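Listing of entry-v3.cif, mmCIF, C-alpha atoms
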data_protein
#
loop_
_atom_site.group_PDB
_atom_site.id
_atom_site.type_symbol
_atom_site.label_atom_id
_atom_site.label_comp_id
_atom_site.auth_asym_id
_atom_site.auth_seq_id
_atom_site.Cartn_x
_atom_site.Cartn_y
_atom_site.Cartn_z
ATOM 1 C CA MET P 1437 -69.924 -72.634 100.224
ATOM 2 C CA SER P 1438 -70.996 -71.754 96.688
ATOM 3 C CA LEU P 1439 -69.574 -70.041 93.619
ATOM 4 C CA THR P 1440 -70.671 -68.786 90.227
ATOM 5 C CA VAL P 1441 -69.256 -70.641 87.235
ATOM 6 C CA ASP P 1442 -67.371 -68.518 84.679
ATOM 7 C CA GLU P 1443 -65.613 -69.321 81.386
ATOM 8 C CA ARG P 1444 -62.192 -69.724 83.009
ATOM 9 C CA LEU P 1445 -63.544 -72.245 85.504
ATOM 10 C CA LEU P 1446 -65.381 -74.127 82.747
ATOM 11 C CA ARG P 1447 -62.184 -74.448 80.695
ATOM 12 C CA GLY P 1448 -60.230 -75.634 83.719
ATOM 13 C CA MET P 1449 -62.874 -78.159 84.745
ATOM 14 C CA ALA P 1450 -63.081 -79.486 81.171
ATOM 15 C CA ARG P 1451 -59.277 -79.789 81.056
ATOM 16 C CA ASP P 1452 -59.220 -81.756 84.321
ATOM 17 C CA ALA P 1453 -62.043 -84.017 83.108
ATOM 18 C CA ALA P 1454 -60.238 -84.622 79.799
ATOM 19 C CA VAL P 1455 -56.956 -85.445 81.566
ATOM 20 C CA TYR P 1456 -58.840 -87.861 83.798
ATOM 21 C CA ALA P 1457 -60.499 -89.532 80.800
ATOM 22 C CA LEU P 1458 -57.247 -89.755 78.819
ATOM 23 C CA THR P 1459 -55.381 -91.397 81.706
ATOM 24 C CA ARG P 1460 -57.916 -94.084 82.645
ATOM 25 C CA PRO P 1461 -56.780 -97.715 82.252
ATOM 26 C CA THR P 1462 -58.788 -98.218 79.058
ATOM 27 C CA ALA P 1463 -57.323 -95.034 77.598
ATOM 28 C CA ILE P 1464 -53.823 -96.203 78.501
ATOM 29 C CA ILE P 1465 -54.508 -99.429 76.598
ATOM 30 C CA MET P 1466 -55.632 -97.322 73.635
ATOM 31 C CA TRP P 1467 -52.417 -95.244 73.850
ATOM 32 C CA ALA P 1468 -50.309 -98.407 73.993
ATOM 33 C CA ALA P 1469 -52.090 -99.863 70.953
ATOM 34 C CA LEU P 1470 -51.737 -96.643 68.956
ATOM 35 C CA THR P 1471 -48.072 -96.316 69.917
ATOM 36 C CA ALA P 1472 -47.453 -99.932 68.910
ATOM 37 C CA ALA P 1473 -49.210 -99.308 65.585
ATOM 38 C CA LEU P 1474 -47.042 -96.240 65.020
ATOM 39 C CA ALA P 1475 -43.837 -98.112 65.881
ATOM 40 C CA LEU P 1476 -44.755 -101.085 63.687
ATOM 41 C CA SER P 1477 -45.684 -98.863 60.767
ATOM 42 C CA ILE P 1478 -42.354 -97.015 61.048
ATOM 43 C CA LEU P 1479 -40.446 -100.307 61.261
ATOM 44 C CA ASN P 1480 -42.395 -101.624 58.287
ATOM 45 C CA GLN P 1481 -41.566 -98.471 56.357
ATOM 46 C CA SER P 1482 -37.866 -98.860 57.204
ATOM 47 C CA ALA P 1483 -37.843 -102.547 56.252
ATOM 48 C CA ALA P 1484 -39.465 -101.743 52.928
ATOM 49 C CA GLY P 1485 -36.556 -99.463 52.106
ATOM 50 C CA GLY P 1486 -38.493 -96.283 52.634
ATOM 51 C CA SER P 1487 -40.438 -96.670 49.415
ATOM 52 C CA PRO P 1488 -43.610 -94.605 49.558
ATOM 53 C CA GLY P 1489 -46.973 -96.141 49.058
ATOM 54 C CA LEU P 1490 -49.940 -97.103 51.143
ATOM 55 C CA SER P 1491 -47.691 -98.265 53.981
ATOM 56 C CA GLY P 1492 -46.214 -94.756 54.072
ATOM 57 C CA LEU P 1493 -49.588 -93.474 55.244
ATOM 58 C CA LEU P 1494 -49.747 -95.752 58.280
ATOM 59 C CA PRO P 1495 -47.506 -93.589 60.534
ATOM 60 C CA VAL P 1496 -49.516 -90.527 59.555
ATOM 61 C CA ALA P 1497 -52.774 -92.378 60.221
ATOM 62 C CA SER P 1498 -51.541 -93.521 63.657
ATOM 63 C CA ILE P 1499 -50.598 -89.977 64.642
ATOM 64 C CA ALA P 1500 -53.889 -88.667 63.256
ATOM 65 C CA LEU P 1501 -55.816 -91.181 65.409
ATOM 66 C CA MET P 1502 -53.888 -90.051 68.484
ATOM 67 C CA VAL P 1503 -54.667 -86.389 67.801
ATOM 68 C CA TYR P 1504 -58.302 -87.243 67.038
ATOM 69 C CA ALA P 1505 -58.657 -89.108 70.370
ATOM 70 C CA VAL P 1506 -57.304 -86.134 72.320
ATOM 71 C CA VAL P 1507 -59.391 -83.558 70.452
ATOM 72 C CA MET P 1508 -62.631 -85.535 70.739
ATOM 73 C CA THR P 1509 -62.054 -86.174 74.450
ATOM 74 C CA ILE P 1510 -61.498 -82.458 75.071
ATOM 75 C CA VAL P 1511 -64.545 -81.496 72.992
ATOM 76 C CA GLY P 1512 -66.701 -84.055 74.813
ATOM 77 C CA ALA P 1513 -65.491 -82.887 78.231
ATOM 78 C CA ARG P 1514 -66.169 -79.233 77.377
ATOM 79 C CA ARG P 1515 -69.647 -80.062 76.114
ATOM 80 C CA ALA P 1516 -70.484 -82.151 79.192
ATOM 81 C CA VAL P 1517 -69.202 -79.589 81.706
ATOM 82 C CA ARG P 1518 -70.889 -76.699 79.888
ATOM 83 C CA SER P 1519 -74.250 -78.487 79.720
ATOM 84 C CA ALA P 1520 -74.150 -79.411 83.414
ATOM 85 C CA THR P 1521 -72.960 -75.999 84.610
ATOM 86 C CA PRO P 1522 -73.330 -73.212 82.050
ATOM 87 C CA PRO P 1523 -71.563 -69.894 82.730
ATOM 88 C CA GLY P 1524 -73.412 -67.902 85.376
ATOM 89 C CA THR P 1525 -74.667 -70.991 87.225
ATOM 90 C CA VAL P 1526 -74.297 -70.951 90.999
ATOM 91 C CA VAL P 1527 -72.931 -74.297 92.191
ATOM 92 C CA TRP P 1528 -72.481 -75.684 95.684
ATOM 93 C CA VAL P 1529 -71.407 -78.914 97.320
ATOM 94 C CA ARG P 1530 -71.736 -80.358 100.809
ATOM 95 C CA LEU P 1531 -70.370 -83.599 102.200
ATOM 96 C CA GLY P 1532 -72.975 -85.481 104.193
ATOM 97 C CA GLU P 1533 -72.566 -88.593 106.324
ATOM 98 C CA THR P 1534 -73.685 -91.005 103.604
ATOM 99 C CA ALA P 1535 -74.079 -88.862 100.505
ATOM 100 C CA LEU P 1536 -72.560 -86.034 98.537
ATOM 101 C CA HIS P 1537 -74.982 -83.130 98.137
ATOM 102 C CA ILE P 1538 -74.445 -81.156 94.915
ATOM 103 C CA GLY P 1539 -76.405 -78.218 93.547
ATOM 104 C CA ALA P 1540 -76.252 -76.306 90.262
ATOM 105 C CA GLY P 1541 -78.732 -73.528 89.612
ATOM 106 C CA THR P 1542 -82.172 -74.753 90.668
ATOM 107 C CA ARG P 1543 -81.174 -78.438 90.554
ATOM 108 C CA SER P 1544 -79.733 -80.442 93.401
ATOM 109 C CA SER P 1545 -78.705 -84.060 93.891
ATOM 110 C CA ASP P 1546 -77.926 -86.283 96.832
ATOM 111 C CA ILE P 1547 -75.558 -88.993 95.609
ATOM 112 C CA ASP P 1548 -74.624 -91.884 97.883
ATOM 113 C CA TYR P 1549 -70.856 -92.272 98.188
ATOM 114 C CA ARG P 1550 -71.163 -95.936 97.113
ATOM 115 C CA THR P 1551 -72.262 -94.639 93.683
ATOM 116 C CA PHE P 1552 -68.703 -93.481 93.000
ATOM 117 C CA GLN P 1553 -65.906 -95.803 91.953
ATOM 118 C CA SER P 1554 -62.997 -93.370 92.146
ATOM 119 C CA MET P 1555 -62.023 -89.719 92.178
ATOM 120 C CA ARG P 1556 -59.267 -87.416 90.996
ATOM 121 C CA ALA P 1557 -58.661 -83.931 92.329
ATOM 122 C CA GLY P 1558 -57.282 -81.679 89.604
ATOM 123 C CA SER P 1559 -56.404 -78.013 89.812
ATOM 124 C CA ASP P 1560 -59.904 -76.812 88.831
ATOM 125 C CA ALA P 1561 -62.169 -79.849 89.219
ATOM 126 C CA VAL P 1562 -62.735 -82.883 91.359
ATOM 127 C CA VAL P 1563 -63.727 -85.642 88.945
ATOM 128 C CA LEU P 1564 -65.820 -88.486 90.324
ATOM 129 C CA LYS P 1565 -66.213 -91.677 88.268
ATOM 130 C CA LEU P 1566 -69.549 -93.430 88.640
ATOM 131 C CA ARG P 1567 -69.424 -97.120 89.530
ATOM 132 C CA GLY P 1568 -70.320 -99.477 86.680
ATOM 133 C CA ALA P 1569 -70.539 -96.727 84.055
ATOM 134 C CA SER P 1570 -68.255 -94.674 81.868
ATOM 135 C CA ALA P 1571 -69.908 -91.491 83.156
ATOM 136 C CA MET P 1572 -68.251 -89.087 85.545
ATOM 137 C CA THR P 1573 -69.184 -85.987 87.501
ATOM 138 C CA ALA P 1574 -66.999 -82.900 87.807
ATOM 139 C CA ILE P 1575 -67.367 -80.378 90.612
ATOM 140 C CA PRO P 1576 -65.322 -77.203 91.083
ATOM 141 C CA ARG P 1577 -62.187 -77.915 93.145
ATOM 142 C CA SER P 1578 -62.454 -74.542 94.879
ATOM 143 C CA LEU P 1579 -65.648 -75.701 96.640
ATOM 144 C CA LEU P 1580 -63.710 -78.313 98.601
ATOM 145 C CA THR P 1581 -60.921 -77.918 101.125
ATOM 146 C CA ASP P 1582 -58.036 -80.382 101.289
ATOM 147 C CA ALA P 1583 -59.718 -81.900 104.348
ATOM 148 C CA ASP P 1584 -62.971 -82.284 102.356
ATOM 149 C CA ILE P 1585 -61.090 -84.069 99.572
ATOM 150 C CA ALA P 1586 -59.422 -86.413 102.060
ATOM 151 C CA GLN P 1587 -62.815 -87.115 103.637
ATOM 152 C CA LEU P 1588 -64.378 -87.699 100.194
ATOM 153 C CA ARG P 1589 -61.575 -90.130 99.264
ATOM 154 C CA ALA P 1590 -62.097 -92.044 102.491
ATOM 155 C CA ARG P 1591 -65.848 -92.290 101.976
ATOM 156 C CA ILE P 1592 -65.551 -93.410 98.359
ATOM 157 C CA GLY P 1593 -63.057 -96.066 99.369
#
What's the structure tokens form of this structure?
Amino acid sequence: MSLTVDERLLRGMARDAAVYALTRPTAIIMWAALTAALALSILNQSAAGGSPGLSGLLPVASIALMVYAVVMTIVGARRAVRSATPPGTVVWVRLGETALHIGAGTRSSDIDYRTFQSMRAGSDAVVLKLRGASAMTAIPRSLLTDADIAQLRARIG
């Protein structure tokens, strides 16, 4: 099965990749740290009697860092998905016995299932995290049936 990538699919795949990246364990630690910084800065502001000053900027800075993290993750995901599969690219995927076979345009890859650490099936993309790296691969969800996804999960482990 194959399909041609369009702008709507690209946006959806980038969204799924960004959600995956923003909900990884290291990202959750980042969210906890930023939330703690926000809470402490608000408590500090309250304890200081609400007097403005440099400490009054700390809640704003914490929120700005949170927004920045989300925006940069989305921008990075869009850039990565667009560079791997620009609009108009024909993509395909096939599950083999020992490897996942992926093609985009004139390129194709055979990737051993042991290369992947985990996966997440979103509404528009199946995101595969590479073992021992921060990199991930996103393939269109519509190329895989529910049975394919179950089989892929079982083979990744």
- Please write as number ranges by chain the full residue list that the PyMOL selection byres ((chain P and resi 1563) around 12) yields on this file. P: 1448-1457, 1513, 1517, 1552-1562, 1564-1566, 1571-1577, 1585, 1588-1589
- Task: Kindly resolve the PyMOL selection byres ((chain P and resi 1461-1472) around 12) on the present coordinates and return the residues as an MDAnalysis selection string.
- Result: chainID P and resid 1454:1460 1473:1480 1494:1506 1509 1570
- Task: Run the PyMOL selection byres ((chain P and resi 1587) around 12) against the file shown and list the residues it catches, as a PyMOL selection string.
- Result: chain P and resi 1530-1536+1549+1555+1580-1586+1588-1593
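Of the listed residues (P:His1537, P:Arg1567, P:Arg1543, P:Arg1444), P:Arg1543 comes nearest to Ala1520 in chain P; the distances count all atoms listed in the file.
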- Item | Point-to-point distance in Å for CA of Leu1579 in chain P and CA of Glu1443 in chain P | 16.5 Å
Using the partial input, fill out range 1454-1474 of chain P with N, CA, C and O atoms; write the result as a PDB file, in the coordinates of the input.
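Listed below is the output, result-v4.pdb:
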ATOM      1  N   ALA P1454     -60.883 -84.002  80.963  1.00  0.00           N
ATOM      2  CA  ALA P1454     -60.238 -84.622  79.799  1.00  0.00           C
ATOM      3  C   ALA P1454     -58.974 -85.363  80.210  1.00  0.00           C
ATOM      4  O   ALA P1454     -58.732 -86.488  79.749  1.00  0.00           O
ATOM      5  N   VAL P1455     -58.173 -84.765  81.081  1.00  0.00           N
ATOM      6  CA  VAL P1455     -56.956 -85.445  81.566  1.00  0.00           C
ATOM      7  C   VAL P1455     -57.339 -86.728  82.281  1.00  0.00           C
ATOM      8  O   VAL P1455     -56.725 -87.776  82.073  1.00  0.00           O
ATOM      9  N   TYR P1456     -58.366 -86.666  83.102  1.00  0.00           N
ATOM     10  CA  TYR P1456     -58.840 -87.861  83.798  1.00  0.00           C
ATOM     11  C   TYR P1456     -59.249 -88.939  82.793  1.00  0.00           C
ATOM     12  O   TYR P1456     -58.835 -90.095  82.905  1.00  0.00           O
ATOM     13  N   ALA P1457     -60.026 -88.556  81.795  1.00  0.00           N
ATOM     14  CA  ALA P1457     -60.499 -89.532  80.800  1.00  0.00           C
ATOM     15  C   ALA P1457     -59.351 -90.114  79.986  1.00  0.00           C
ATOM     16  O   ALA P1457     -59.359 -91.304  79.659  1.00  0.00           O
ATOM     17  N   LEU P1458     -58.361 -89.293  79.657  1.00  0.00           N
ATOM     18  CA  LEU P1458     -57.247 -89.755  78.819  1.00  0.00           C
ATOM     19  C   LEU P1458     -56.212 -90.562  79.588  1.00  0.00           C
ATOM     20  O   LEU P1458     -55.297 -91.114  78.971  1.00  0.00           O
ATOM     21  N   THR P1459     -56.335 -90.633  80.909  1.00  0.00           N
ATOM     22  CA  THR P1459     -55.381 -91.397  81.706  1.00  0.00           C
ATOM     23  C   THR P1459     -56.032 -92.572  82.440  1.00  0.00           C
ATOM     24  O   THR P1459     -55.414 -93.162  83.326  1.00  0.00           O
ATOM     25  N   ARG P1460     -57.245 -92.911  82.071  1.00  0.00           N
ATOM     26  CA  ARG P1460     -57.916 -94.084  82.645  1.00  0.00           C
ATOM     27  C   ARG P1460     -57.273 -95.347  82.085  1.00  0.00           C
ATOM     28  O   ARG P1460     -56.656 -95.315  81.007  1.00  0.00           O
ATOM     29  N   PRO P1461     -57.406 -96.485  82.745  1.00  0.00           N
ATOM     30  CA  PRO P1461     -56.780 -97.715  82.252  1.00  0.00           C
ATOM     31  C   PRO P1461     -57.161 -98.075  80.810  1.00  0.00           C
ATOM     32  O   PRO P1461     -56.290 -98.480  80.028  1.00  0.00           O
ATOM     33  N   THR P1462     -58.416 -97.894  80.437  1.00  0.00           N
ATOM     34  CA  THR P1462     -58.788 -98.218  79.058  1.00  0.00           C
ATOM     35  C   THR P1462     -58.148 -97.255  78.069  1.00  0.00           C
ATOM     36  O   THR P1462     -57.766 -97.647  76.971  1.00  0.00           O
ATOM     37  N   ALA P1463     -57.995 -96.003  78.473  1.00  0.00           N
ATOM     38  CA  ALA P1463     -57.323 -95.034  77.598  1.00  0.00           C
ATOM     39  C   ALA P1463     -55.843 -95.363  77.477  1.00  0.00           C
ATOM     40  O   ALA P1463     -55.255 -95.216  76.396  1.00  0.00           O
ATOM     41  N   ILE P1464     -55.237 -95.828  78.554  1.00  0.00           N
ATOM     42  CA  ILE P1464     -53.823 -96.203  78.501  1.00  0.00           C
ATOM     43  C   ILE P1464     -53.625 -97.384  77.560  1.00  0.00           C
ATOM     44  O   ILE P1464     -52.650 -97.429  76.802  1.00  0.00           O
ATOM     45  N   ILE P1465     -54.568 -98.307  77.559  1.00  0.00           N
ATOM     46  CA  ILE P1465     -54.508 -99.429  76.598  1.00  0.00           C
ATOM     47  C   ILE P1465     -54.605 -98.899  75.176  1.00  0.00           C
ATOM     48  O   ILE P1465     -53.878 -99.329  74.280  1.00  0.00           O
ATOM     49  N   MET P1466     -55.502 -97.931  74.959  1.00  0.00           N
ATOM     50  CA  MET P1466     -55.632 -97.322  73.635  1.00  0.00           C
ATOM     51  C   MET P1466     -54.315 -96.662  73.228  1.00  0.00           C
ATOM     52  O   MET P1466     -53.857 -96.816  72.102  1.00  0.00           O
ATOM     53  N   TRP P1467     -53.688 -95.906  74.165  1.00  0.00           N
ATOM     54  CA  TRP P1467     -52.417 -95.244  73.850  1.00  0.00           C
ATOM     55  C   TRP P1467     -51.336 -96.263  73.518  1.00  0.00           C
ATOM     56  O   TRP P1467     -50.545 -96.057  72.588  1.00  0.00           O
ATOM     57  N   ALA P1468     -51.301 -97.363  74.260  1.00  0.00           N
ATOM     58  CA  ALA P1468     -50.309 -98.407  73.993  1.00  0.00           C
ATOM     59  C   ALA P1468     -50.529 -99.018  72.606  1.00  0.00           C
ATOM     60  O   ALA P1468     -49.569 -99.241  71.855  1.00  0.00           O
ATOM     61  N   ALA P1469     -51.784 -99.279  72.268  1.00  0.00           N
ATOM     62  CA  ALA P1469     -52.090 -99.863  70.953  1.00  0.00           C
ATOM     63  C   ALA P1469     -51.732 -98.895  69.824  1.00  0.00           C
ATOM     64  O   ALA P1469     -51.150 -99.299  68.808  1.00  0.00           O
ATOM     65  N   LEU P1470     -52.067 -97.628  69.994  1.00  0.00           N
ATOM     66  CA  LEU P1470     -51.737 -96.643  68.956  1.00  0.00           C
ATOM     67  C   LEU P1470     -50.229 -96.434  68.832  1.00  0.00           C
ATOM     68  O   LEU P1470     -49.705 -96.277  67.724  1.00  0.00           O
ATOM     69  N   THR P1471     -49.531 -96.445  69.950  1.00  0.00           N
ATOM     70  CA  THR P1471     -48.072 -96.316  69.917  1.00  0.00           C
ATOM     71  C   THR P1471     -47.440 -97.531  69.245  1.00  0.00           C
ATOM     72  O   THR P1471     -46.503 -97.392  68.442  1.00  0.00           O
ATOM     73  N   ALA P1472     -47.960 -98.719  69.559  1.00  0.00           N
ATOM     74  CA  ALA P1472     -47.453 -99.932  68.910  1.00  0.00           C
ATOM     75  C   ALA P1472     -47.716 -99.885  67.406  1.00  0.00           C
ATOM     76  O   ALA P1472     -46.848-100.265  66.606  1.00  0.00           O
ATOM     77  N   ALA P1473     -48.894 -99.419  67.018  1.00  0.00           N
ATOM     78  CA  ALA P1473     -49.210 -99.308  65.585  1.00  0.00           C
ATOM     79  C   ALA P1473     -48.267 -98.326  64.902  1.00  0.00           C
ATOM     80  O   ALA P1473     -47.791 -98.581  63.786  1.00  0.00           O
ATOM     81  N   LEU P1474     -47.973 -97.226  65.575  1.00  0.00           N
ATOM     82  CA  LEU P1474     -47.042 -96.240  65.020  1.00  0.00           C
ATOM     83  C   LEU P1474     -45.647 -96.840  64.877  1.00  0.00           C
ATOM     84  O   LEU P1474     -45.010 -96.721  63.821  1.00  0.00           O
TER      85      LEU P1474
END
